[in-house]
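Trainee: First the structure, then my questions, so here it is.
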Amino acid sequence: MESTADNIRSQMRKGVLEYCILCILAKREAYASSIIEELKAANMIVVEGTLYPLLIREKNQGLLSYRWEESPQGPPRKYYMITEKGRALLQEMDNAWNEIVTTIDTLKK
């Protein structure tokens with residue numbers, strides 16, 4: 001049975017997942033499996049069933065674009081990249097995140 005703290009942690013992670021994806025793609029283009037690996041390395045556990053709908057939504061909002069590239073192992077890979085609109089939103093998200101962290105730090109003191 002999931003505890004209240006686990007539920008809160010899960011909801012907070014879902015809330016920042018879109019932000020995390022844009023952060024990753026601002027550094028370099030990536031395909032879905034590599035995005036999942038980078039998220040896992042940062043202790044943000046995400047499954048493909050959660051990631052793909054977010055990627056599609058961000059692409060439909062004009063935040064991401066993609067290109068296909070042949071893969072030496074298996075089928076072609078879809079590489080996602082952030083657009084200028086995505087970079088502008090990422091800057092707004094950075095500002096909002098910094099405000100939230102400052103507020104929480106102030107309240108904790």
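In the structure tokens, each chain is lettered A, B, ... as it comes, each chain's residues begin at 1, and ligands are numbered from 1 in order of appearance.
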Would you please give, as a list in words, all residues of chain A that DSSP assigns to strand (DSSP E) based on the backbone?

Mentor: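 Here are the strand (DSSP E) residues of chain A: Ala30, Tyr31, Leu64, Ser65, Tyr66, Arg67, Trp68, Glu69, Arg77, Lys78, Tyr79, Tyr80, Met81 and Ile82 of chain A.
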
Trainee: Which residues come within 12 Å of A:Tyr19, counting only C-alpha atoms, excluding same-chain residues fewer than 2 positions away, as a list in words?

Mentor: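 Listing them by chain and then by number gives Met12, Arg13, Lys14, Gly15, Val16, Leu17, Ile21, Leu22, Cys23, Ile24, Leu25, Ala26, Leu39, Leu54, Leu55, Glu58, Leu63, Ile82, Gly86, Arg87, Leu89, Leu90, Gln91, Glu92, Met93, Asp94, Asn95, Ala96 and Trp97 of chain A.
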
Trainee: How about saving the chosen residues, N, CA, C and O atoms kept, as a tab-separated table (two decimals), in the first residue's frame?

Mentor:
chain	number	residue	atom	x	y	z
A	12	MET	N	4.49	14.90	-7.28
A	12	MET	CA	5.48	15.95	-7.53
A	12	MET	C	6.34	15.59	-8.74
A	12	MET	O	6.64	16.44	-9.58
A	13	ARG	N	6.74	14.33	-8.84
A	13	ARG	CA	7.56	13.90	-9.97
A	13	ARG	C	6.79	14.05	-11.29
A	13	ARG	O	7.35	14.51	-12.28
A	14	LYS	N	5.52	13.66	-11.29
A	14	LYS	CA	4.71	13.81	-12.51
A	14	LYS	C	4.63	15.27	-12.90
A	14	LYS	O	4.64	15.61	-14.08
A	15	GLY	N	4.54	16.14	-11.91
A	15	GLY	CA	4.41	17.57	-12.17
A	15	GLY	C	5.64	18.18	-12.80
A	15	GLY	O	5.54	19.19	-13.50
A	16	VAL	N	6.81	17.60	-12.56
A	16	VAL	CA	8.05	18.19	-13.10
A	16	VAL	C	8.61	17.39	-14.28
A	16	VAL	O	9.63	17.78	-14.85
A	17	LEU	N	7.96	16.32	-14.67
A	17	LEU	CA	8.48	15.48	-15.73
A	17	LEU	C	8.62	16.23	-17.06
A	17	LEU	O	9.64	16.11	-17.74
A	21	ILE	N	12.14	16.73	-19.17
A	21	ILE	CA	12.34	16.36	-20.58
A	21	ILE	C	12.92	17.54	-21.35
A	21	ILE	O	13.87	17.39	-22.12
A	22	LEU	N	12.37	18.73	-21.14
A	22	LEU	CA	12.89	19.91	-21.83
A	22	LEU	C	14.33	20.20	-21.42
A	22	LEU	O	15.15	20.59	-22.25
A	23	CYS	N	14.64	20.00	-20.13
A	23	CYS	CA	16.03	20.20	-19.66
A	23	CYS	C	17.00	19.27	-20.39
A	23	CYS	O	18.07	19.70	-20.82
A	24	ILE	N	16.61	18.01	-20.52
A	24	ILE	CA	17.47	17.03	-21.20
A	24	ILE	C	17.67	17.43	-22.67
A	24	ILE	O	18.79	17.46	-23.17
A	25	LEU	N	16.57	17.78	-23.34
A	25	LEU	CA	16.65	18.08	-24.76
A	25	LEU	C	17.27	19.45	-25.05
A	25	LEU	O	17.70	19.70	-26.17
A	26	ALA	N	17.36	20.30	-24.05
A	26	ALA	CA	18.05	21.58	-24.23
A	26	ALA	C	19.55	21.36	-24.34
A	26	ALA	O	20.26	22.17	-24.95
A	39	LEU	N	16.82	10.05	-17.24
A	39	LEU	CA	15.90	10.29	-16.11
A	39	LEU	C	16.16	9.28	-14.99
A	39	LEU	O	16.22	9.65	-13.82
A	54	LEU	N	3.82	12.27	-23.29
A	54	LEU	CA	4.38	13.60	-23.02
A	54	LEU	C	5.16	14.12	-24.23
A	54	LEU	O	5.04	15.29	-24.59
A	55	LEU	N	5.96	13.25	-24.84
A	55	LEU	CA	6.71	13.67	-26.03
A	55	LEU	C	5.76	14.08	-27.16
A	55	LEU	O	5.98	15.09	-27.83
A	58	GLU	N	4.19	17.47	-26.20
A	58	GLU	CA	5.14	18.56	-26.37
A	58	GLU	C	5.41	18.85	-27.85
A	58	GLU	O	5.56	19.99	-28.25
A	63	LEU	N	6.80	22.47	-28.96
A	63	LEU	CA	7.94	22.59	-28.05
A	63	LEU	C	9.10	21.71	-28.50
A	63	LEU	O	10.25	21.99	-28.17
A	82	ILE	N	14.62	20.12	-28.97
A	82	ILE	CA	13.82	21.24	-28.47
A	82	ILE	C	13.76	22.33	-29.55
A	82	ILE	O	14.73	22.54	-30.28
A	86	GLY	N	10.10	25.81	-27.40
A	86	GLY	CA	10.41	24.97	-26.25
A	86	GLY	C	11.45	25.61	-25.36
A	86	GLY	O	11.35	25.56	-24.13
A	87	ARG	N	12.46	26.24	-25.96
A	87	ARG	CA	13.49	26.94	-25.17
A	87	ARG	C	12.89	28.11	-24.40
A	87	ARG	O	13.26	28.38	-23.25
A	89	LEU	N	9.77	28.34	-23.34
A	89	LEU	CA	9.00	27.77	-22.23
A	89	LEU	C	9.94	27.26	-21.15
A	89	LEU	O	9.68	27.45	-19.95
A	90	LEU	N	11.04	26.64	-21.53
A	90	LEU	CA	12.01	26.15	-20.56
A	90	LEU	C	12.54	27.31	-19.71
A	90	LEU	O	12.68	27.17	-18.49
A	91	GLN	N	12.79	28.45	-20.31
A	91	GLN	CA	13.25	29.61	-19.54
A	91	GLN	C	12.18	30.04	-18.53
A	91	GLN	O	12.50	30.34	-17.38
A	92	GLU	N	10.92	30.04	-18.96
A	92	GLU	CA	9.83	30.38	-18.04
A	92	GLU	C	9.74	29.35	-16.91
A	92	GLU	O	9.52	29.72	-15.75
A	93	MET	N	9.92	28.07	-17.25
A	93	MET	CA	9.88	27.02	-16.23
A	93	MET	C	11.05	27.16	-15.26
A	93	MET	O	10.88	26.96	-14.05
A	94	ASP	N	12.24	27.51	-15.79
A	94	ASP	CA	13.40	27.76	-14.91
A	94	ASP	C	13.08	28.86	-13.91
A	94	ASP	O	13.36	28.72	-12.71
A	95	ASN	N	12.49	29.94	-14.39
A	95	ASN	CA	12.15	31.06	-13.51
A	95	ASN	C	11.13	30.64	-12.46
A	95	ASN	O	11.29	30.95	-11.27
A	96	ALA	N	10.10	29.90	-12.88
A	96	ALA	CA	9.07	29.44	-11.94
A	96	ALA	C	9.68	28.49	-10.92
A	96	ALA	O	9.38	28.58	-9.72
A	97	TRP	N	10.54	27.57	-11.37
A	97	TRP	CA	11.18	26.62	-10.46
A	97	TRP	C	12.02	27.36	-9.41
A	97	TRP	O	11.94	27.06	-8.22

Trainee: Just give me the gap between atom CA of A:Pro75 and atom CA of A:Lys40 in Å, one decimal is fine.

Mentor: 23.3 Å

Trainee: Quick check, in Å to one decimal: how far apart do atom CA of A:Tyr66 and atom CA of A:Tyr79 lie?

Mentor: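 Between these atoms lies a distance of 5.3 Å.
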
Trainee: Would you list, as JSON, numbers by chain, the residues of stretch 17-74 of chain A that end up in alpha helix (DSSP H) under DSSP run on this structure's backbone?

Mentor: {"A": [17, 18, 19, 20, 21, 22, 23, 24, 25, 26, 27, 32, 33, 34, 35, 36, 37, 38, 39, 40, 41, 48, 49, 50, 51, 52, 53, 54, 55, 56, 57, 58, 59, 60]}

Trainee: How many Å separate atom CA of A:Lys78 from atom CA of A:Lys27?

Mentor: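 Separating atom CA of A:Lys78 from atom CA of A:Lys27 is a distance of 16.9 Å.
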
Trainee: Could you list, as an mmCIF file with N, CA, C and O atoms, in the first residue's frame, every residue within 8 Å of stretch 34-37 of chain A, counting only C-alpha atoms and ignoring same-chain residues fewer than 3 positions away?

Mentor:
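As written to disk, out-v3.cif reads:
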data_model
loop_
_atom_site.group_PDB
_atom_site.id
_atom_site.type_symbol
_atom_site.label_atom_id
_atom_site.label_comp_id
_atom_site.auth_asym_id
_atom_site.auth_seq_id
_atom_site.Cartn_x
_atom_site.Cartn_y
_atom_site.Cartn_z
ATOM 1 N N ILE A 21 12.145 16.728 -19.167
ATOM 2 C CA ILE A 21 12.336 16.363 -20.575
ATOM 3 C C ILE A 21 12.923 17.542 -21.355
ATOM 4 O O ILE A 21 13.869 17.385 -22.120
ATOM 5 N N ILE A 24 16.615 18.015 -20.522
ATOM 6 C CA ILE A 24 17.466 17.033 -21.204
ATOM 7 C C ILE A 24 17.666 17.434 -22.666
ATOM 8 O O ILE A 24 18.789 17.455 -23.174
ATOM 9 N N ALA A 30 17.848 13.678 -28.450
ATOM 10 C CA ALA A 30 17.899 12.334 -27.869
ATOM 11 C C ALA A 30 16.687 11.534 -28.325
ATOM 12 O O ALA A 30 15.662 12.095 -28.696
ATOM 13 N N TYR A 31 16.824 10.217 -28.303
ATOM 14 C CA TYR A 31 15.682 9.355 -28.595
ATOM 15 C C TYR A 31 15.081 8.893 -27.263
ATOM 16 O O TYR A 31 15.694 9.056 -26.197
ATOM 17 N N LYS A 40 16.350 8.008 -15.357
ATOM 18 C CA LYS A 40 16.635 6.980 -14.352
ATOM 19 C C LYS A 40 17.933 7.273 -13.624
ATOM 20 O O LYS A 40 18.029 7.102 -12.412
ATOM 21 N N ALA A 41 18.955 7.727 -14.346
ATOM 22 C CA ALA A 41 20.242 8.052 -13.733
ATOM 23 C C ALA A 41 20.098 9.173 -12.705
ATOM 24 O O ALA A 41 20.875 9.255 -11.753
ATOM 25 N N ILE A 45 12.309 7.802 -12.082
ATOM 26 C CA ILE A 45 11.930 6.561 -12.754
ATOM 27 C C ILE A 45 10.695 6.806 -13.618
ATOM 28 O O ILE A 45 9.655 7.236 -13.122
ATOM 29 N N VAL A 46 10.840 6.535 -14.907
ATOM 30 C CA VAL A 46 9.771 6.760 -15.876
ATOM 31 C C VAL A 46 9.728 5.572 -16.821
ATOM 32 O O VAL A 46 10.770 5.038 -17.201
ATOM 33 N N VAL A 47 8.534 5.162 -17.204
ATOM 34 C CA VAL A 47 8.379 4.077 -18.169
ATOM 35 C C VAL A 47 7.951 4.676 -19.514
ATOM 36 O O VAL A 47 7.475 5.804 -19.582
ATOM 37 N N GLU A 48 8.162 3.887 -20.568
ATOM 38 C CA GLU A 48 7.833 4.370 -21.912
ATOM 39 C C GLU A 48 6.375 4.807 -22.024
ATOM 40 O O GLU A 48 6.068 5.778 -22.695
ATOM 41 N N LEU A 51 6.308 8.316 -20.859
ATOM 42 C CA LEU A 51 7.114 9.261 -21.629
ATOM 43 C C LEU A 51 6.515 9.589 -22.996
ATOM 44 O O LEU A 51 6.436 10.761 -23.370
#
